[in-house]
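Structure data follow from start-v1.txt (compact mmCIF, N, CA and C atoms):
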# COMPACT_ATOMS: atom_id res chain seq x y z
N ALA V 1 -1.95 -6.85 -18.22
CA ALA V 1 -1.10 -5.94 -17.47
C ALA V 1 -0.53 -4.89 -18.42
N GLY V 2 -0.30 -3.72 -17.89
CA GLY V 2 0.27 -2.65 -18.69
C GLY V 2 1.77 -2.79 -18.83
N PRO V 3 2.38 -1.96 -19.66
CA PRO V 3 3.82 -2.05 -19.91
C PRO V 3 4.67 -1.91 -18.66
N PHE V 4 4.29 -1.00 -17.76
CA PHE V 4 5.07 -0.80 -16.53
C PHE V 4 5.03 -2.06 -15.68
N HIS V 5 3.86 -2.66 -15.53
CA HIS V 5 3.70 -3.88 -14.74
C HIS V 5 4.52 -5.01 -15.37
N LYS V 6 4.43 -5.16 -16.67
CA LYS V 6 5.20 -6.21 -17.35
C LYS V 6 6.69 -6.03 -17.13
N ARG V 7 7.17 -4.79 -17.22
CA ARG V 7 8.60 -4.53 -16.99
C ARG V 7 9.00 -4.92 -15.57
N ARG V 8 8.15 -4.59 -14.61
CA ARG V 8 8.45 -4.96 -13.22
C ARG V 8 8.56 -6.46 -13.05
N VAL V 9 7.66 -7.20 -13.70
CA VAL V 9 7.70 -8.67 -13.62
C VAL V 9 9.01 -9.18 -14.22
N LEU V 10 9.39 -8.66 -15.37
CA LEU V 10 10.62 -9.10 -16.03
C LEU V 10 11.86 -8.80 -15.20
N GLU V 11 11.85 -7.71 -14.46
CA GLU V 11 13.00 -7.31 -13.66
C GLU V 11 13.01 -7.97 -12.28
N ALA V 12 11.92 -8.61 -11.90
CA ALA V 12 11.78 -9.15 -10.54
C ALA V 12 12.66 -10.37 -10.30
N GLY V 13 13.11 -10.47 -9.06
CA GLY V 13 13.78 -11.67 -8.59
C GLY V 13 12.80 -12.47 -7.74
N TYR V 14 13.24 -13.64 -7.30
CA TYR V 14 12.36 -14.51 -6.51
C TYR V 14 12.00 -13.90 -5.16
N ASP V 15 12.80 -12.98 -4.65
CA ASP V 15 12.56 -12.39 -3.33
C ASP V 15 11.91 -11.01 -3.39
N ASP V 16 11.41 -10.62 -4.54
CA ASP V 16 10.86 -9.27 -4.71
C ASP V 16 9.36 -9.17 -4.43
N THR V 17 8.75 -10.25 -3.97
CA THR V 17 7.31 -10.23 -3.69
C THR V 17 7.07 -10.59 -2.23
N VAL V 18 5.88 -10.26 -1.77
CA VAL V 18 5.49 -10.56 -0.39
C VAL V 18 3.98 -10.80 -0.37
N THR V 19 3.55 -11.68 0.52
CA THR V 19 2.12 -11.90 0.71
C THR V 19 1.65 -10.95 1.80
N THR V 20 0.55 -10.25 1.54
CA THR V 20 0.03 -9.28 2.51
C THR V 20 -1.49 -9.35 2.54
N THR V 21 -2.06 -8.88 3.64
CA THR V 21 -3.51 -8.79 3.76
C THR V 21 -3.97 -7.34 3.92
N ILE V 22 -3.06 -6.39 3.77
CA ILE V 22 -3.40 -4.99 4.08
C ILE V 22 -4.44 -4.39 3.13
N TYR V 23 -4.55 -4.88 1.91
CA TYR V 23 -5.46 -4.26 0.95
C TYR V 23 -6.85 -4.86 0.94
N THR V 24 -6.97 -6.15 1.23
CA THR V 24 -8.27 -6.82 1.11
C THR V 24 -8.69 -7.57 2.36
N GLY V 25 -7.77 -7.76 3.28
CA GLY V 25 -8.06 -8.60 4.43
C GLY V 25 -7.82 -10.08 4.12
N ARG V 26 -7.54 -10.39 2.89
CA ARG V 26 -7.23 -11.75 2.43
C ARG V 26 -5.83 -11.74 1.84
N PRO V 27 -5.12 -12.85 1.94
CA PRO V 27 -3.75 -12.88 1.41
C PRO V 27 -3.70 -12.62 -0.10
N MET V 28 -2.79 -11.77 -0.47
CA MET V 28 -2.51 -11.53 -1.88
C MET V 28 -1.02 -11.24 -2.02
N ARG V 29 -0.43 -11.69 -3.11
CA ARG V 29 1.00 -11.48 -3.32
C ARG V 29 1.19 -10.24 -4.20
N VAL V 30 2.06 -9.35 -3.72
CA VAL V 30 2.35 -8.10 -4.43
C VAL V 30 3.86 -7.88 -4.42
N PHE V 31 4.32 -6.95 -5.25
CA PHE V 31 5.72 -6.57 -5.18
C PHE V 31 5.97 -5.88 -3.85
N LYS V 32 7.14 -6.13 -3.27
CA LYS V 32 7.52 -5.46 -2.03
C LYS V 32 7.67 -3.97 -2.30
N THR V 33 7.11 -3.17 -1.41
CA THR V 33 7.29 -1.72 -1.45
C THR V 33 7.54 -1.26 -0.02
N PRO V 34 8.11 -0.08 0.17
CA PRO V 34 8.29 0.42 1.54
C PRO V 34 6.98 0.45 2.32
N TYR V 35 5.88 0.80 1.65
CA TYR V 35 4.59 0.89 2.32
C TYR V 35 4.13 -0.48 2.82
N VAL V 36 4.18 -1.47 1.97
CA VAL V 36 3.75 -2.82 2.36
C VAL V 36 4.64 -3.35 3.48
N LEU V 37 5.95 -3.16 3.35
CA LEU V 37 6.87 -3.66 4.38
C LEU V 37 6.67 -2.93 5.70
N ASP V 38 6.31 -1.64 5.65
CA ASP V 38 6.02 -0.89 6.88
C ASP V 38 4.87 -1.55 7.63
N TRP V 39 3.80 -1.89 6.92
CA TRP V 39 2.67 -2.58 7.57
C TRP V 39 3.10 -3.95 8.10
N GLU V 40 3.78 -4.72 7.29
CA GLU V 40 4.13 -6.09 7.66
C GLU V 40 5.15 -6.16 8.79
N GLU V 41 6.04 -5.18 8.87
CA GLU V 41 7.11 -5.22 9.87
C GLU V 41 6.85 -4.36 11.10
N ASN V 42 6.11 -3.27 10.94
CA ASN V 42 5.98 -2.31 12.04
C ASN V 42 4.55 -2.09 12.54
N ARG V 43 3.55 -2.51 11.76
CA ARG V 43 2.17 -2.14 12.10
C ARG V 43 1.26 -3.36 12.19
N ARG V 44 1.80 -4.51 12.57
CA ARG V 44 1.01 -5.75 12.62
C ARG V 44 -0.16 -5.64 13.61
N LYS V 45 0.09 -5.05 14.76
CA LYS V 45 -0.97 -4.95 15.77
C LYS V 45 -2.13 -4.09 15.25
N GLU V 46 -1.79 -2.95 14.66
CA GLU V 46 -2.82 -2.07 14.08
C GLU V 46 -3.57 -2.79 12.96
N MET V 47 -2.84 -3.54 12.14
CA MET V 47 -3.45 -4.29 11.05
C MET V 47 -4.47 -5.28 11.60
N ALA V 48 -4.08 -6.02 12.63
CA ALA V 48 -4.97 -7.02 13.22
C ALA V 48 -6.23 -6.37 13.79
N GLN V 49 -6.08 -5.23 14.47
CA GLN V 49 -7.24 -4.54 15.04
C GLN V 49 -8.21 -4.09 13.95
N LEU V 50 -7.69 -3.52 12.90
CA LEU V 50 -8.55 -3.06 11.80
C LEU V 50 -9.25 -4.22 11.12
N GLN V 51 -8.51 -5.28 10.87
CA GLN V 51 -9.08 -6.42 10.17
C GLN V 51 -10.11 -7.14 11.03
N GLU V 52 -9.93 -7.11 12.33
CA GLU V 52 -10.94 -7.70 13.21
C GLU V 52 -12.27 -6.96 13.08
N MET V 53 -12.21 -5.67 12.75
CA MET V 53 -13.43 -4.89 12.53
C MET V 53 -13.93 -5.01 11.09
N GLY V 54 -13.21 -5.77 10.26
CA GLY V 54 -13.61 -5.94 8.87
C GLY V 54 -13.13 -4.82 7.96
N VAL V 55 -12.14 -4.07 8.40
CA VAL V 55 -11.62 -2.93 7.64
C VAL V 55 -10.25 -3.28 7.08
N PRO V 56 -10.04 -3.16 5.77
CA PRO V 56 -8.70 -3.38 5.23
C PRO V 56 -7.73 -2.37 5.86
N ALA V 57 -6.56 -2.81 6.21
CA ALA V 57 -5.62 -1.97 6.96
C ALA V 57 -5.27 -0.67 6.26
N PHE V 58 -5.06 -0.69 4.94
CA PHE V 58 -4.63 0.52 4.24
C PHE V 58 -5.64 1.65 4.37
N VAL V 59 -6.90 1.35 4.66
CA VAL V 59 -7.94 2.37 4.79
C VAL V 59 -7.60 3.35 5.91
N ALA V 60 -6.89 2.89 6.93
CA ALA V 60 -6.51 3.78 8.03
C ALA V 60 -5.69 4.95 7.50
N ASP V 61 -4.83 4.70 6.55
CA ASP V 61 -4.00 5.77 5.99
C ASP V 61 -4.80 6.67 5.05
N VAL V 62 -5.73 6.12 4.33
CA VAL V 62 -6.57 6.93 3.45
C VAL V 62 -7.37 7.92 4.28
N GLN V 63 -7.90 7.47 5.41
CA GLN V 63 -8.72 8.34 6.25
C GLN V 63 -7.89 9.41 6.93
N GLU V 64 -6.59 9.14 7.15
CA GLU V 64 -5.73 10.13 7.79
C GLU V 64 -5.39 11.28 6.85
N LEU V 65 -5.44 11.04 5.57
CA LEU V 65 -5.02 12.04 4.61
C LEU V 65 -6.13 13.03 4.30
N GLU V 66 -5.73 14.24 4.00
CA GLU V 66 -6.69 15.29 3.67
C GLU V 66 -7.47 14.90 2.42
N GLY V 67 -8.77 15.02 2.45
CA GLY V 67 -9.58 14.73 1.29
C GLY V 67 -10.28 13.38 1.34
N GLY V 68 -9.96 12.54 2.29
CA GLY V 68 -10.64 11.25 2.40
C GLY V 68 -10.26 10.29 1.30
N ALA V 69 -11.19 9.41 0.96
CA ALA V 69 -10.89 8.28 0.08
C ALA V 69 -11.07 8.59 -1.40
N SER V 70 -10.49 9.67 -1.86
CA SER V 70 -10.54 9.94 -3.30
C SER V 70 -9.46 9.12 -3.99
N VAL V 71 -9.54 9.02 -5.29
CA VAL V 71 -8.59 8.20 -6.03
C VAL V 71 -7.16 8.67 -5.80
N GLY V 72 -6.90 9.97 -5.90
CA GLY V 72 -5.55 10.47 -5.70
C GLY V 72 -5.03 10.21 -4.30
N THR V 73 -5.89 10.37 -3.32
CA THR V 73 -5.50 10.12 -1.94
C THR V 73 -5.21 8.65 -1.72
N LEU V 74 -6.01 7.80 -2.31
CA LEU V 74 -5.79 6.36 -2.18
C LEU V 74 -4.42 6.00 -2.72
N GLN V 75 -4.06 6.53 -3.86
CA GLN V 75 -2.73 6.25 -4.42
C GLN V 75 -1.64 6.74 -3.49
N GLN V 76 -1.82 7.90 -2.89
CA GLN V 76 -0.83 8.43 -1.97
C GLN V 76 -0.72 7.54 -0.74
N ALA V 77 -1.83 7.09 -0.23
CA ALA V 77 -1.82 6.25 0.97
C ALA V 77 -1.14 4.92 0.70
N GLU V 78 -1.20 4.45 -0.52
CA GLU V 78 -0.62 3.16 -0.85
C GLU V 78 0.88 3.22 -1.10
N THR V 79 1.47 4.40 -1.12
CA THR V 79 2.87 4.47 -1.49
C THR V 79 3.80 5.02 -0.41
N ARG V 80 3.35 5.92 0.43
CA ARG V 80 4.24 6.48 1.45
C ARG V 80 4.02 5.82 2.80
N THR V 81 5.10 5.57 3.51
CA THR V 81 5.01 5.00 4.85
C THR V 81 4.55 6.08 5.82
N GLN V 82 4.18 5.66 7.03
CA GLN V 82 3.80 6.63 8.06
C GLN V 82 4.94 7.60 8.33
N GLU V 83 6.15 7.07 8.45
CA GLU V 83 7.31 7.90 8.73
C GLU V 83 7.54 8.91 7.61
N GLU V 84 7.40 8.49 6.38
CA GLU V 84 7.58 9.41 5.26
C GLU V 84 6.54 10.52 5.29
N ARG V 85 5.31 10.20 5.64
CA ARG V 85 4.28 11.24 5.73
C ARG V 85 4.59 12.20 6.86
N ARG V 86 5.04 11.67 8.00
CA ARG V 86 5.40 12.54 9.13
C ARG V 86 6.51 13.51 8.74
N GLN V 87 7.45 13.02 7.95
CA GLN V 87 8.59 13.85 7.53
C GLN V 87 8.26 14.76 6.35
N GLY V 88 7.05 14.63 5.81
CA GLY V 88 6.65 15.46 4.68
C GLY V 88 7.29 15.05 3.36
N VAL V 89 7.69 13.80 3.25
CA VAL V 89 8.30 13.31 2.02
C VAL V 89 7.29 13.37 0.88
N GLU V 90 7.70 13.96 -0.22
CA GLU V 90 6.88 13.99 -1.44
C GLU V 90 7.57 13.10 -2.47
N LEU V 91 6.80 12.26 -3.12
CA LEU V 91 7.36 11.37 -4.13
C LEU V 91 7.02 11.87 -5.52
N SER V 92 7.92 11.62 -6.45
CA SER V 92 7.66 11.98 -7.85
C SER V 92 6.56 11.07 -8.40
N GLY V 93 5.99 11.46 -9.53
CA GLY V 93 4.99 10.61 -10.18
C GLY V 93 5.53 9.22 -10.47
N ARG V 94 6.77 9.15 -10.90
CA ARG V 94 7.39 7.85 -11.19
C ARG V 94 7.52 7.02 -9.91
N ALA V 95 7.95 7.65 -8.83
CA ALA V 95 8.10 6.92 -7.56
C ALA V 95 6.75 6.39 -7.08
N HIS V 96 5.68 7.19 -7.25
CA HIS V 96 4.34 6.71 -6.89
C HIS V 96 3.99 5.47 -7.69
N ARG V 97 4.24 5.50 -8.99
CA ARG V 97 3.94 4.33 -9.83
C ARG V 97 4.77 3.13 -9.41
N GLU V 98 6.05 3.34 -9.15
CA GLU V 98 6.92 2.22 -8.78
C GLU V 98 6.52 1.61 -7.45
N ARG V 99 5.95 2.41 -6.57
CA ARG V 99 5.54 1.90 -5.26
C ARG V 99 4.08 1.47 -5.22
N GLY V 100 3.39 1.58 -6.32
CA GLY V 100 1.98 1.21 -6.36
C GLY V 100 1.76 -0.28 -6.14
N VAL V 101 0.51 -0.67 -6.06
CA VAL V 101 0.14 -2.07 -5.83
C VAL V 101 0.13 -2.80 -7.16
N PHE V 102 0.98 -3.80 -7.27
CA PHE V 102 1.04 -4.64 -8.46
C PHE V 102 0.94 -6.09 -8.01
N LEU V 103 -0.18 -6.72 -8.33
CA LEU V 103 -0.33 -8.14 -8.02
C LEU V 103 0.68 -8.92 -8.85
N THR V 104 1.27 -9.93 -8.25
CA THR V 104 2.23 -10.76 -8.96
C THR V 104 2.42 -12.07 -8.22
N GLY V 105 2.86 -13.06 -8.90
CA GLY V 105 3.15 -14.34 -8.27
C GLY V 105 4.61 -14.42 -7.88
N GLN V 106 4.92 -15.34 -6.99
CA GLN V 106 6.29 -15.52 -6.57
C GLN V 106 7.15 -15.99 -7.75
N CYS V 107 6.52 -16.63 -8.72
CA CYS V 107 7.25 -17.12 -9.89
C CYS V 107 7.67 -15.99 -10.83
N ALA V 108 7.36 -14.74 -10.50
CA ALA V 108 7.78 -13.62 -11.35
C ALA V 108 9.28 -13.67 -11.60
N GLY V 109 10.04 -14.16 -10.64
CA GLY V 109 11.48 -14.25 -10.80
C GLY V 109 11.91 -15.20 -11.90
N ALA V 110 11.04 -16.11 -12.31
CA ALA V 110 11.38 -17.09 -13.35
C ALA V 110 11.01 -16.60 -14.75
N ILE V 111 10.34 -15.48 -14.85
CA ILE V 111 9.87 -15.00 -16.15
C ILE V 111 10.97 -14.18 -16.81
N GLY V 112 11.34 -14.59 -18.01
CA GLY V 112 12.41 -13.91 -18.72
C GLY V 112 11.95 -13.08 -19.90
N ASP V 113 10.74 -13.35 -20.38
CA ASP V 113 10.20 -12.55 -21.47
C ASP V 113 8.68 -12.61 -21.46
N VAL V 114 8.06 -11.63 -22.11
CA VAL V 114 6.61 -11.56 -22.19
C VAL V 114 6.18 -12.12 -23.54
N GLN V 115 5.29 -13.12 -23.50
CA GLN V 115 4.80 -13.75 -24.72
C GLN V 115 3.28 -13.76 -24.71
N PRO V 116 2.68 -13.82 -25.90
CA PRO V 116 1.22 -13.97 -25.96
C PRO V 116 0.82 -15.32 -25.35
N ALA V 117 -0.35 -15.37 -24.73
CA ALA V 117 -0.82 -16.60 -24.08
C ALA V 117 -0.87 -17.76 -25.06
N GLY V 118 -1.29 -17.51 -26.30
CA GLY V 118 -1.37 -18.59 -27.29
C GLY V 118 -0.03 -19.25 -27.53
N ARG V 119 1.02 -18.47 -27.61
CA ARG V 119 2.36 -19.02 -27.82
C ARG V 119 2.79 -19.86 -26.62
N ILE V 120 2.47 -19.41 -25.42
CA ILE V 120 2.83 -20.17 -24.22
C ILE V 120 2.11 -21.51 -24.21
N VAL V 121 0.82 -21.50 -24.51
CA VAL V 121 0.04 -22.75 -24.54
C VAL V 121 0.59 -23.69 -25.60
N GLU V 122 0.89 -23.17 -26.79
CA GLU V 122 1.45 -24.01 -27.85
C GLU V 122 2.75 -24.67 -27.40
N GLU V 123 3.61 -23.92 -26.74
CA GLU V 123 4.88 -24.46 -26.25
C GLU V 123 4.63 -25.53 -25.18
N MET V 124 3.68 -25.30 -24.29
CA MET V 124 3.36 -26.30 -23.25
C MET V 124 2.85 -27.59 -23.89
N VAL V 125 1.99 -27.48 -24.89
CA VAL V 125 1.44 -28.65 -25.57
C VAL V 125 2.56 -29.39 -26.30
N ARG V 126 3.44 -28.64 -26.97
CA ARG V 126 4.56 -29.26 -27.68
C ARG V 126 5.45 -30.04 -26.72
N GLN V 127 5.78 -29.42 -25.58
CA GLN V 127 6.62 -30.09 -24.59
C GLN V 127 5.93 -31.31 -24.00
N ALA V 128 4.64 -31.20 -23.73
CA ALA V 128 3.90 -32.35 -23.18
C ALA V 128 3.89 -33.49 -24.18
N ALA V 129 3.68 -33.19 -25.47
CA ALA V 129 3.68 -34.23 -26.50
C ALA V 129 5.04 -34.90 -26.59
N GLU V 130 6.11 -34.12 -26.49
CA GLU V 130 7.46 -34.70 -26.51
C GLU V 130 7.65 -35.68 -25.36
N HIS V 131 7.21 -35.29 -24.17
CA HIS V 131 7.37 -36.15 -22.99
C HIS V 131 6.53 -37.42 -23.12
N LEU V 132 5.35 -37.31 -23.69
CA LEU V 132 4.49 -38.48 -23.85
C LEU V 132 5.07 -39.46 -24.88
N ARG V 133 5.74 -38.93 -25.89
CA ARG V 133 6.36 -39.80 -26.91
C ARG V 133 7.64 -40.44 -26.40
N ALA V 134 8.27 -39.85 -25.43
CA ALA V 134 9.57 -40.36 -24.95
C ALA V 134 9.45 -41.61 -24.11
Please re-express this file's structure in structure tokens.
Amino acid sequence: AGPFHKRRVLEAGYDDTVTTTIYTGRPMRVFKTPYVLDWEENRRKEMAQLQEMGVPAFVADVQELEGGASVGTLQQAETRTQEERRQGVELSGRAHRERGVFLTGQCAGAIGDVQPAGRIVEEMVRQAAEHLRA
């Protein structure tokens, strides 16, 4: 994960993630964003119709935007809600990044620092050995 993603994980609480199917048609846990919550709270019927056809729900917004499914358009579709697009809301580059899709686990709220995987494994082995000796 990049530095921005890592920072988001460190700042996350236990309630900052949600499981959604809008991107793949299969459940995945991501950070809550206005866009994801818009689909989950206001567009469930549309989501179900699209997914029944085998189309990930977010594609509906990509197709609505000028230019089709280009990379820039995809990023735009993933960050602004329908209402924001209707109102002509423009987001800063930072706001786009903050609202982007970041996969994460619900346990993100328990993470207090970023460590190399080797250090984490060493600590797990040390703790397991302590418990086995006790």
If DSSP is run on the backbone, what residues of stretch 9-116 of chain V are alpha helix (DSSP H)? A reply as number ranges by chain would be ideal.
V: 9-11, 34-42, 44-52, 59-64, 71-77, 82-86, 93-99
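Straight-line separation from atom N of V:Arg8 to atom C of V:Thr21: 22.3 Å.
Between atom C of V:Thr104 and atom CA of V:Glu46 the separation is 25.0 Å.
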One-decimal distance in Å that lies between atom CA of V:Asp15 and atom CA of V:Phe31:
9.2 Å
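Residue nearest V:Gly100 within the list V:Arg86, V:Gly25, V:Thr79, V:Asn42: V:Thr79 [criterion: smallest interatomic distance, all atoms listed in the file].
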Give me the residues near V:Tyr23 as a PDB file with N, CA and C atoms, in the frame of the given file, where near means some atom within 6.5 Å (using only N, CA and C atoms) and where sequence neighbours in that chain fewer than 2 positions away do not count.
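The result, written out as around-v4.pdb:
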ATOM      1  N   THR V  20       0.550 -10.250   1.540  1.00  0.00           N
ATOM      2  CA  THR V  20       0.030  -9.280   2.510  1.00  0.00           C
ATOM      3  C   THR V  20      -1.490  -9.350   2.540  1.00  0.00           C
ATOM      4  N   THR V  21      -2.060  -8.880   3.640  1.00  0.00           N
ATOM      5  CA  THR V  21      -3.510  -8.790   3.760  1.00  0.00           C
ATOM      6  C   THR V  21      -3.970  -7.340   3.920  1.00  0.00           C
ATOM      7  N   GLY V  25      -7.770  -7.760   3.280  1.00  0.00           N
ATOM      8  CA  GLY V  25      -8.060  -8.600   4.430  1.00  0.00           C
ATOM      9  C   GLY V  25      -7.820 -10.080   4.120  1.00  0.00           C
ATOM     10  N   ARG V  26      -7.540 -10.390   2.890  1.00  0.00           N
ATOM     11  CA  ARG V  26      -7.230 -11.750   2.430  1.00  0.00           C
ATOM     12  C   ARG V  26      -5.830 -11.740   1.840  1.00  0.00           C
ATOM     13  N   PRO V  56     -10.040  -3.160   5.770  1.00  0.00           N
ATOM     14  CA  PRO V  56      -8.700  -3.380   5.230  1.00  0.00           C
ATOM     15  C   PRO V  56      -7.730  -2.370   5.860  1.00  0.00           C
ATOM     16  N   ALA V  57      -6.560  -2.810   6.210  1.00  0.00           N
ATOM     17  CA  ALA V  57      -5.620  -1.970   6.960  1.00  0.00           C
ATOM     18  C   ALA V  57      -5.270  -0.670   6.260  1.00  0.00           C
ATOM     19  N   PHE V  58      -5.060  -0.690   4.940  1.00  0.00           N
ATOM     20  CA  PHE V  58      -4.630   0.520   4.240  1.00  0.00           C
ATOM     21  C   PHE V  58      -5.640   1.650   4.370  1.00  0.00           C
TER      22      PHE V  58
END
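Residue-level DSSP output for chain V, from the backbone, shows strand (DSSP E or B) at Thr17, Val18, Thr19, Thr20, Met28, Arg29, Val30, Phe31 and Leu103 of chain V.
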